[in-house]
file target_30.cif (mmCIF, C-alpha atoms and all ligand atoms)
data_start
#
loop_
_atom_site.label_atom_id
_atom_site.label_comp_id
_atom_site.auth_asym_id
_atom_site.auth_seq_id
_atom_site.Cartn_x
_atom_site.Cartn_y
_atom_site.Cartn_z
CA MET A 1 -17.47 18.10 31.04
CA TYR A 2 -15.01 16.08 29.03
CA TYR A 3 -16.05 12.98 30.91
CA ALA A 4 -19.73 13.62 30.30
CA LYS A 5 -19.15 13.99 26.58
CA THR A 6 -17.15 10.81 26.18
CA HIS A 7 -19.57 9.01 28.37
CA GLY A 8 -22.43 10.06 26.16
CA LYS A 9 -20.54 9.13 23.03
CA ASN A 10 -19.65 5.75 24.40
CA ARG A 11 -23.26 5.11 25.28
CA LEU A 12 -24.19 5.93 21.70
CA VAL A 13 -21.51 3.62 20.32
CA GLU A 14 -22.65 0.93 22.70
CA PHE A 15 -26.26 1.44 21.65
CA ASN A 16 -25.37 1.27 17.95
CA SER A 17 -23.33 -1.85 18.36
CA ARG A 18 -26.09 -3.49 20.36
CA MET A 19 -28.54 -2.70 17.56
CA GLY A 20 -26.01 -4.08 15.14
CA GLN A 21 -25.62 -7.25 17.14
CA GLU A 22 -29.37 -7.74 17.35
CA ASN A 23 -29.74 -7.26 13.62
CA LEU A 24 -26.91 -9.67 12.96
CA ARG A 25 -28.49 -12.26 15.20
CA ARG A 26 -31.82 -11.80 13.47
CA ILE A 27 -30.22 -12.22 10.05
CA GLY A 28 -28.31 -15.25 11.35
CA ILE A 29 -31.51 -16.77 12.67
CA GLU A 30 -33.29 -16.24 9.37
CA GLN A 31 -30.48 -17.76 7.32
CA HIS A 32 -30.22 -20.82 9.54
CA LEU A 33 -34.01 -21.17 9.76
CA LYS A 34 -34.19 -21.60 5.98
CA GLU A 35 -32.13 -24.76 6.26
CA ALA A 36 -33.48 -26.01 9.57
CA ILE A 37 -36.13 -28.42 8.28
CA ARG A 38 -33.82 -29.95 5.68
CA ARG A 39 -31.11 -30.36 8.29
CA ASP A 40 -33.53 -31.96 10.72
CA GLU A 41 -32.85 -29.39 13.45
CA PHE A 42 -36.39 -29.12 14.81
CA TYR A 43 -37.97 -31.41 17.33
CA LEU A 44 -41.04 -31.32 19.50
CA HIS A 45 -41.67 -31.31 23.21
CA TYR A 46 -45.01 -32.26 24.72
CA GLN A 47 -46.49 -30.78 27.88
CA PRO A 48 -49.19 -32.83 29.64
CA LYS A 49 -52.63 -31.28 30.25
CA ILE A 50 -54.13 -32.53 33.48
CA GLN A 51 -57.77 -32.88 34.54
CA ALA A 52 -58.50 -30.88 37.71
CA GLY A 53 -59.50 -33.05 40.66
CA SER A 54 -58.63 -36.46 39.21
CA HIS A 55 -55.18 -35.32 38.03
CA GLU A 56 -55.44 -37.66 35.09
CA MET A 57 -53.61 -36.71 31.91
CA VAL A 58 -56.20 -35.64 29.34
CA GLY A 59 -54.11 -34.23 26.54
CA MET A 60 -50.91 -32.39 25.72
CA GLU A 61 -49.56 -29.25 24.10
CA VAL A 62 -46.91 -29.49 21.41
CA LEU A 63 -44.00 -27.04 21.72
CA LEU A 64 -41.44 -26.56 18.99
CA ARG A 65 -37.71 -26.70 19.78
CA TRP A 66 -34.79 -25.71 17.56
CA HIS A 67 -31.16 -26.62 17.97
CA ASN A 68 -28.71 -25.21 15.44
CA ALA A 69 -25.03 -26.18 15.41
CA GLU A 70 -23.87 -22.56 15.23
CA LEU A 71 -26.54 -20.76 17.22
CA GLY A 72 -27.15 -23.44 19.83
CA MET A 73 -30.67 -23.73 21.28
CA VAL A 74 -32.79 -20.87 20.02
CA PRO A 75 -36.01 -20.34 22.03
CA PRO A 76 -39.29 -20.03 20.10
CA ASP A 77 -39.79 -16.50 21.39
CA GLN A 78 -36.71 -15.57 19.33
CA PHE A 79 -37.19 -17.55 16.14
CA ILE A 80 -41.00 -17.64 15.73
CA PRO A 81 -41.24 -13.87 15.08
CA VAL A 82 -38.44 -14.17 12.49
CA ALA A 83 -40.18 -17.16 10.94
CA GLU A 84 -43.41 -15.19 10.75
CA GLN A 85 -41.85 -12.13 9.12
CA SER A 86 -40.05 -14.27 6.55
CA ARG A 87 -43.11 -16.54 6.11
CA LEU A 88 -40.88 -19.53 6.81
CA ILE A 89 -43.47 -20.26 9.51
CA LEU A 90 -45.68 -21.76 6.77
CA ASP A 91 -43.32 -24.68 6.14
CA ILE A 92 -42.34 -24.90 9.79
CA GLY A 93 -45.98 -24.95 10.90
CA ASP A 94 -46.75 -27.71 8.39
CA TRP A 95 -43.80 -29.68 9.73
CA VAL A 96 -45.07 -29.29 13.32
CA LEU A 97 -48.60 -30.46 12.45
CA GLU A 98 -47.35 -33.44 10.43
CA GLU A 99 -44.83 -34.49 13.07
CA ALA A 100 -47.21 -34.06 16.02
CA MET A 101 -49.98 -36.11 14.43
CA LYS A 102 -47.54 -38.84 13.33
CA GLN A 103 -46.03 -39.03 16.80
CA ASN A 104 -49.44 -39.30 18.42
CA LEU A 105 -50.43 -42.14 16.06
CA ALA A 106 -47.11 -43.87 16.79
CA TRP A 107 -47.85 -43.75 20.55
CA GLN A 108 -51.25 -45.23 19.86
CA ARG A 109 -49.66 -48.11 17.92
CA GLN A 110 -47.52 -48.73 20.98
CA GLY A 111 -50.62 -49.23 23.05
CA LEU A 112 -51.12 -45.81 24.60
CA PRO A 113 -54.45 -43.99 24.47
CA LEU A 114 -54.82 -41.50 21.63
CA LEU A 115 -55.13 -38.26 23.63
CA PRO A 116 -55.82 -34.91 22.01
CA ILE A 117 -52.77 -32.87 21.05
CA ALA A 118 -52.87 -29.08 20.98
CA VAL A 119 -50.76 -27.25 18.41
CA ASN A 120 -49.93 -23.53 18.55
CA MET A 121 -50.87 -21.67 15.39
CA SER A 122 -49.37 -18.47 14.12
CA ALA A 123 -51.64 -15.86 12.55
CA VAL A 124 -49.62 -16.09 9.34
CA GLN A 125 -50.45 -19.79 9.06
CA VAL A 126 -54.10 -19.49 9.85
CA HIS A 127 -54.62 -16.62 7.42
CA GLN A 128 -53.40 -18.61 4.40
CA HIS A 129 -56.43 -19.04 2.18
CA ASP A 130 -55.98 -22.81 1.94
CA PHE A 131 -54.95 -23.50 5.53
CA VAL A 132 -58.07 -25.45 6.48
CA PRO A 133 -58.47 -27.59 3.34
CA ARG A 134 -54.79 -28.52 3.50
CA LEU A 135 -55.12 -29.46 7.16
CA ILE A 136 -58.19 -31.55 6.40
CA SER A 137 -56.39 -33.45 3.63
CA ARG A 138 -53.36 -33.91 5.86
CA MET A 139 -55.55 -35.53 8.53
CA ALA A 140 -57.20 -37.73 5.93
CA ARG A 141 -53.85 -38.85 4.50
CA LEU A 142 -52.51 -39.73 7.96
CA GLY A 143 -55.81 -41.26 9.11
CA TYR A 144 -55.80 -38.83 12.02
CA PRO A 145 -59.12 -38.27 13.82
CA GLY A 146 -60.24 -34.64 14.13
CA SER A 147 -61.34 -35.19 17.71
CA ARG A 148 -57.70 -35.67 18.71
CA LEU A 149 -56.50 -32.30 17.44
CA GLU A 150 -56.80 -28.90 19.06
CA LEU A 151 -55.58 -25.62 17.59
CA GLU A 152 -54.38 -22.88 19.93
CA LEU A 153 -55.00 -19.48 18.39
CA THR A 154 -54.23 -16.08 19.82
CA GLU A 155 -56.86 -13.44 20.40
CA GLY A 156 -55.53 -11.41 17.48
CA VAL A 157 -56.18 -14.18 14.95
CA VAL A 158 -59.72 -14.67 16.07
CA MET A 159 -60.55 -11.00 16.41
CA GLU A 160 -59.52 -10.23 12.89
CA GLY A 161 -61.25 -13.38 11.74
CA ALA A 162 -63.15 -12.38 8.63
CA THR A 163 -66.22 -14.40 7.69
CA PRO A 164 -64.38 -16.86 5.37
CA VAL A 165 -61.92 -17.66 8.18
CA ARG A 166 -64.81 -18.34 10.54
CA ARG A 167 -66.53 -20.63 8.02
CA TYR A 168 -63.31 -22.57 7.58
CA PHE A 169 -62.98 -23.05 11.30
CA GLU A 170 -66.58 -24.18 11.51
CA GLN A 171 -65.68 -26.91 8.98
CA LEU A 172 -62.80 -28.00 11.18
CA ARG A 173 -65.03 -28.14 14.23
CA GLN A 174 -67.48 -30.34 12.36
CA LEU A 175 -64.62 -32.84 12.09
CA GLY A 176 -64.21 -32.67 15.86
CA VAL A 177 -61.17 -30.37 15.93
CA LYS A 178 -61.20 -28.11 19.01
CA ILE A 179 -60.26 -24.44 18.91
CA SER A 180 -58.87 -22.64 21.94
CA ILE A 181 -57.67 -19.14 22.69
CA ASP A 182 -54.13 -19.05 24.04
CA ASP A 183 -52.80 -16.55 26.61
CA PHE A 184 -56.35 -15.38 27.25
CA GLY A 185 -56.70 -12.04 29.02
CA THR A 186 -53.52 -10.43 27.76
CA GLY A 187 -54.66 -9.27 24.35
CA TYR A 188 -57.76 -7.21 23.83
CA SER A 189 -60.60 -5.73 25.77
CA ASN A 190 -63.05 -6.17 22.91
CA LEU A 191 -64.63 -9.53 23.65
CA GLY A 192 -67.28 -9.51 20.94
CA TYR A 193 -65.31 -12.06 18.95
CA LEU A 194 -65.88 -14.70 21.63
CA SER A 195 -69.48 -15.19 20.64
CA ARG A 196 -68.88 -14.78 16.90
CA PHE A 197 -65.98 -17.19 16.42
CA PRO A 198 -66.41 -20.97 16.79
CA LEU A 199 -64.51 -21.78 19.99
CA ASP A 200 -64.19 -24.55 22.57
CA ALA A 201 -61.84 -23.36 25.30
CA LEU A 202 -60.01 -20.43 26.84
CA LYS A 203 -56.50 -20.85 28.21
CA ILE A 204 -56.05 -18.44 31.12
CA ASP A 205 -52.69 -16.76 30.69
CA ARG A 206 -50.09 -17.83 33.22
CA SER A 207 -49.49 -14.24 34.37
CA PHE A 208 -52.87 -14.46 36.16
CA VAL A 209 -52.11 -17.88 37.66
CA THR A 210 -48.71 -17.05 39.15
CA ASN A 211 -49.18 -16.62 42.92
CA ILE A 212 -52.93 -16.44 42.46
CA HIS A 213 -53.48 -17.65 46.04
CA GLN A 214 -51.81 -14.45 47.29
CA HIS A 215 -52.96 -12.04 44.65
CA GLN A 216 -56.44 -10.53 45.07
CA ASP A 217 -56.51 -8.73 41.73
CA ASN A 218 -55.61 -11.84 39.77
CA GLN A 219 -58.26 -13.79 41.68
CA GLN A 220 -60.89 -11.29 40.57
CA ILE A 221 -59.68 -11.40 36.97
CA VAL A 222 -59.69 -15.18 36.86
CA LYS A 223 -63.16 -15.32 38.45
CA ALA A 224 -64.42 -12.95 35.77
CA ILE A 225 -62.83 -15.06 33.02
CA ILE A 226 -64.50 -18.16 34.50
CA GLN A 227 -67.94 -16.51 34.50
CA LEU A 228 -67.44 -15.37 30.95
CA ALA A 229 -66.44 -18.87 29.85
CA ARG A 230 -69.44 -20.42 31.62
CA SER A 231 -71.88 -18.05 30.03
CA LEU A 232 -70.47 -18.88 26.59
CA SER A 233 -70.18 -22.64 27.31
CA LEU A 234 -66.41 -22.63 26.83
CA SER A 235 -64.12 -24.86 28.82
CA LEU A 236 -61.15 -23.52 30.77
CA VAL A 237 -57.50 -24.38 31.00
CA ALA A 238 -55.19 -22.72 33.56
CA GLU A 239 -51.66 -22.33 32.21
CA GLY A 240 -48.46 -22.10 34.21
CA VAL A 241 -49.54 -23.88 37.40
CA GLU A 242 -46.22 -24.24 39.23
CA ASN A 243 -47.08 -25.36 42.78
CA SER A 244 -49.75 -26.97 44.92
CA GLU A 245 -51.04 -23.63 46.27
CA GLU A 246 -51.78 -22.35 42.77
CA LEU A 247 -53.26 -25.71 41.83
CA ALA A 248 -55.58 -25.80 44.85
CA PHE A 249 -56.73 -22.28 44.16
CA VAL A 250 -57.57 -22.70 40.48
CA GLU A 251 -59.25 -26.04 41.25
CA SER A 252 -61.40 -24.36 43.89
CA LEU A 253 -62.52 -21.83 41.28
CA GLY A 254 -63.69 -24.62 38.98
CA VAL A 255 -61.08 -24.61 36.21
CA GLU A 256 -61.38 -27.95 34.39
CA VAL A 257 -57.88 -28.52 33.06
CA VAL A 258 -54.47 -27.38 34.29
CA GLN A 259 -51.06 -27.27 32.73
CA GLY A 260 -47.70 -26.27 34.21
CA TYR A 261 -44.43 -27.21 35.82
CA HIS A 262 -46.22 -28.51 38.94
CA PHE A 263 -47.22 -31.58 36.93
CA SER A 264 -44.66 -31.53 34.17
CA ARG A 265 -42.45 -29.40 31.98
CA PRO A 266 -42.73 -29.89 28.24
CA LEU A 267 -41.07 -33.30 27.68
CA PRO A 268 -39.23 -34.99 24.83
CA SER A 269 -41.29 -37.75 23.21
CA ASP A 270 -39.69 -40.68 25.07
CA GLU A 271 -40.26 -39.04 28.47
CA LEU A 272 -43.79 -38.06 27.54
CA MET A 273 -44.45 -41.69 26.73
CA GLN A 274 -43.26 -42.73 30.19
CA PHE A 275 -45.36 -40.01 31.80
CA LEU A 276 -48.41 -41.10 29.84
CA GLY A 277 -47.81 -44.74 30.74
CA SER A 278 -47.53 -43.96 34.44
CA ALA A 279 -50.36 -41.39 34.49
CA ARG A 280 -52.77 -43.79 32.82
CA GLY A 281 -55.62 -44.71 35.12
CA VAL A 282 -54.42 -42.43 37.91
CA ALA A 283 -57.50 -41.68 39.99
O1 LIG A 301 -41.92 -23.55 25.43
P1 LIG A 301 -42.19 -22.15 25.17
O2 LIG A 301 -40.86 -21.41 25.29
O3 LIG A 301 -42.08 -23.15 24.16
O4 LIG A 301 -42.93 -21.41 23.95
C1 LIG A 301 -42.76 -20.05 23.76
C2 LIG A 301 -43.78 -19.50 22.80
O5 LIG A 301 -43.61 -20.10 21.51
C3 LIG A 301 -45.21 -19.75 23.23
O6 LIG A 301 -45.94 -18.55 23.03
C4 LIG A 301 -45.69 -20.79 22.27
O7 LIG A 301 -47.06 -20.64 22.00
C5 LIG A 301 -44.84 -20.52 21.02
N1 LIG A 301 -44.69 -21.77 20.27
C6 LIG A 301 -44.16 -22.93 20.68
N2 LIG A 301 -44.22 -23.87 19.71
C7 LIG A 301 -44.85 -23.27 18.65
C8 LIG A 301 -45.25 -23.73 17.34
O8 LIG A 301 -45.10 -24.89 16.97
N3 LIG A 301 -45.85 -22.82 16.53
C9 LIG A 301 -46.08 -21.53 16.92
N4 LIG A 301 -46.66 -20.70 16.04
N5 LIG A 301 -45.74 -21.07 18.14
C10 LIG A 301 -45.15 -21.94 19.00
O1 LIG A 302 -47.98 -19.01 24.75
P1 LIG A 302 -48.09 -20.43 25.18
O2 LIG A 302 -49.13 -20.60 26.24
O3 LIG A 302 -48.24 -21.42 24.08
O4 LIG A 302 -46.72 -20.73 25.90
C1 LIG A 302 -46.38 -21.93 26.43
C2 LIG A 302 -45.08 -21.60 27.14
O5 LIG A 302 -45.26 -21.70 28.56
C3 LIG A 302 -43.96 -22.50 26.78
O6 LIG A 302 -42.83 -21.70 26.71
C4 LIG A 302 -43.87 -23.43 27.99
O7 LIG A 302 -42.58 -23.97 28.13
C5 LIG A 302 -44.20 -22.44 29.10
N1 LIG A 302 -44.68 -23.05 30.36
C6 LIG A 302 -45.43 -24.15 30.51
N2 LIG A 302 -45.70 -24.39 31.82
C7 LIG A 302 -45.11 -23.39 32.51
C8 LIG A 302 -45.04 -23.08 33.91
O8 LIG A 302 -45.60 -23.75 34.78
N3 LIG A 302 -44.34 -21.96 34.23
C9 LIG A 302 -43.72 -21.17 33.30
N4 LIG A 302 -43.07 -20.12 33.73
N5 LIG A 302 -43.79 -21.45 31.98
C10 LIG A 302 -44.47 -22.53 31.59
MN MN A 303 -49.99 -22.47 23.78
#
call {"tool": "encode", "arguments": {"input": "target_30.cif", "output": "structure tokens", "more": "lines below"}}
Ligand code: G
Ligand code: G
Ligand code: MN
result
Amino acid sequence: MYYAKTHGKNRLVEFNSRMGQENLRRIGIEQHLKEAIRRDEFYLHYQPKIQAGSHEMVGMEVLLRWHNAELGMVPPDQFIPVAEQSRLILDIGDWVLEEAMKQNLAWQRQGLPLLPIAVNMSAVQVHQHDFVPRLISRMARLGYPGSRLELELTEGVVMEGATPVRRYFEQLRQLGVKISIDDFGTGYSNLGYLSRFPLDALKIDRSFVTNIHQHQDNQQIVKAIIQLARSLSLSLVAEGVENSEELAFVESLGVEVVQGYHFSRPLPSDELMQFLGSARGVA
């Protein structure tokens, strides 16, 4: 009896202190995030996107990284939600777009092909009333061609997309910017938005790709996603391809582009440049 009581009490104390620690970490993250751009603590990694069949590199996805002296490496899954709640994501997102486009132009000046880069967008960013006009003037200022930019949105952003948001995205697409849906299949069952929102591609969430060659249910889900994409003339990217079995399977289903550790992890800019140099012209 005595033991049970103390035990329970200790669990409560433990629980409270864990909550306390999580809150403290969150507050710490927010405080350090405020200074992160000024202190030059962000950098970008780039993960190659690979054409199915030819295995040629056809583009890349930009992934934000943060190293803080006190906190160490903080993964995006931890700091992006804090950045969204505090709206710091607006400045951070601008930094990512600026940096990614500048880097891509710098590679081009060094003689590499200007491949499309895909940038992840938070709902908070996309729902700013002037998001699109500011992006358009940013591209104009940098001399960055729209056809070499892709925005990865989540289902939530697109589903809630009110008419003005859709019109804005139509303007972007007229400049050649591509729009894709990230983590497709994990969000909503209401698919009406797919035909209403201007879109180019679906990225099949990696949870469906993992072990797909051994997983009947995932095979059926991915086949259904592929049919849906075909009927709406959307192209398909399979995320999280980690081995040759998964690769062979998604290729046999007709996915056009693959991405994942099997070909490459997200790489720092110098390694991406080497990868791009060596992948050029691979048949
Ligand atoms: O490499 P990975 O751990 O980077 O990314 C984890 C999550 O963080 C993914 O869902 C990815 O979309 C998101 N993410 C990575 N970089 C960015 C970014 O620049 N902006 C936003 N909004 N999300 C990002
Ligand atoms: O949500 P989004 O699709 O943007 O997330 C991209 C995330 O997926 C990043 O964290 C990236 O590092 C991670 N990633 C990329 N390729 C693979 C892979 O083959 N396996 C796993 N487990 N994660 C991957
Ligand atoms: Mn993504």
call {"tool": "residues_around", "arguments": {"input": "target_30.cif", "residues": "Ala100 in chain A", "least_positions_apart": "3", "cutoff": "8 Å", "atoms": "all atoms listed in the file", "output": "list in words"}}
result
Leu44, Val62, Val96, Leu97, Gln103, Asn104 and Ile117 of chain A
call {"tool": "closest_atom_pairs", "arguments": {"input": "target_30.cif", "of": "chain A", "to": "ligand MN 303 (chain A)", "cutoff": "6 Å", "atoms": "all atoms listed in the file", "output": "tab-separated table"}}
result
residue	atom	partner	partner_atom	distance
A:Asn120	CA	A:MN303	MN	5.3
A:Glu152	CA	A:MN303	MN	5.9
A:Asp182	CA	A:MN303	MN	5.4
call {"tool": "closest_residue", "arguments": {"input": "target_30.cif", "among": "A:Pro81, A:Gly20, A:Pro198, A:Pro75", "to": "Phe42 in chain A", "atoms": "only C-alpha atoms"}}
result
A:Pro75
call {"tool": "closest_residue", "arguments": {"input": "target_30.cif", "among": "A:Gln125, A:Gln110, A:Gln47, A:Gln259", "to": "Ala238 in chain A", "atoms": "all atoms listed in the file"}}
result
A:Gln259
call {"tool": "atom_distance", "arguments": {"input": "target_30.cif", "atom1": "CA of Glu99 in chain A", "atom2": "CA of Glu256 in chain A"}}
result
27.8 Å
call {"tool": "residues_near_ligand", "arguments": {"input": "target_30.cif", "ligand": "ligand LIG 302 (chain A)", "cutoff": "8 Å", "atoms": "only C-alpha atoms and all ligand atoms", "output": "PyMOL selection string"}}
result
chain A and resi 47+61+63+76+120+152+182-183+203+205-206+239-242+259-262+264-266
call {"tool": "closest_residue", "arguments": {"input": "target_30.cif", "among": "A:Ile89, A:Ile27, A:Val58, A:Val257", "to": "ligand LIG 301 (chain A)", "atoms": "all atoms listed in the file"}}
result
A:Ile89
call {"tool": "residues_around", "arguments": {"input": "target_30.cif", "residues": "Gly93 in chain A", "least_positions_apart": "6", "cutoff": "10 Å", "atoms": "only C-alpha atoms", "output": "count of residues only"}}
result
10
call {"tool": "atom_distance", "arguments": {"input": "target_30.cif", "atom1": "CA of Ile221 in chain A", "atom2": "atom N2 of ligand LIG 301 (chain A)"}}
result
26.3 Å
call {"tool": "atom_distance", "arguments": {"input": "target_30.cif", "atom1": "CA of Val222 in chain A", "atom2": "CA of Tyr188 in chain A"}}
result
15.4 Å
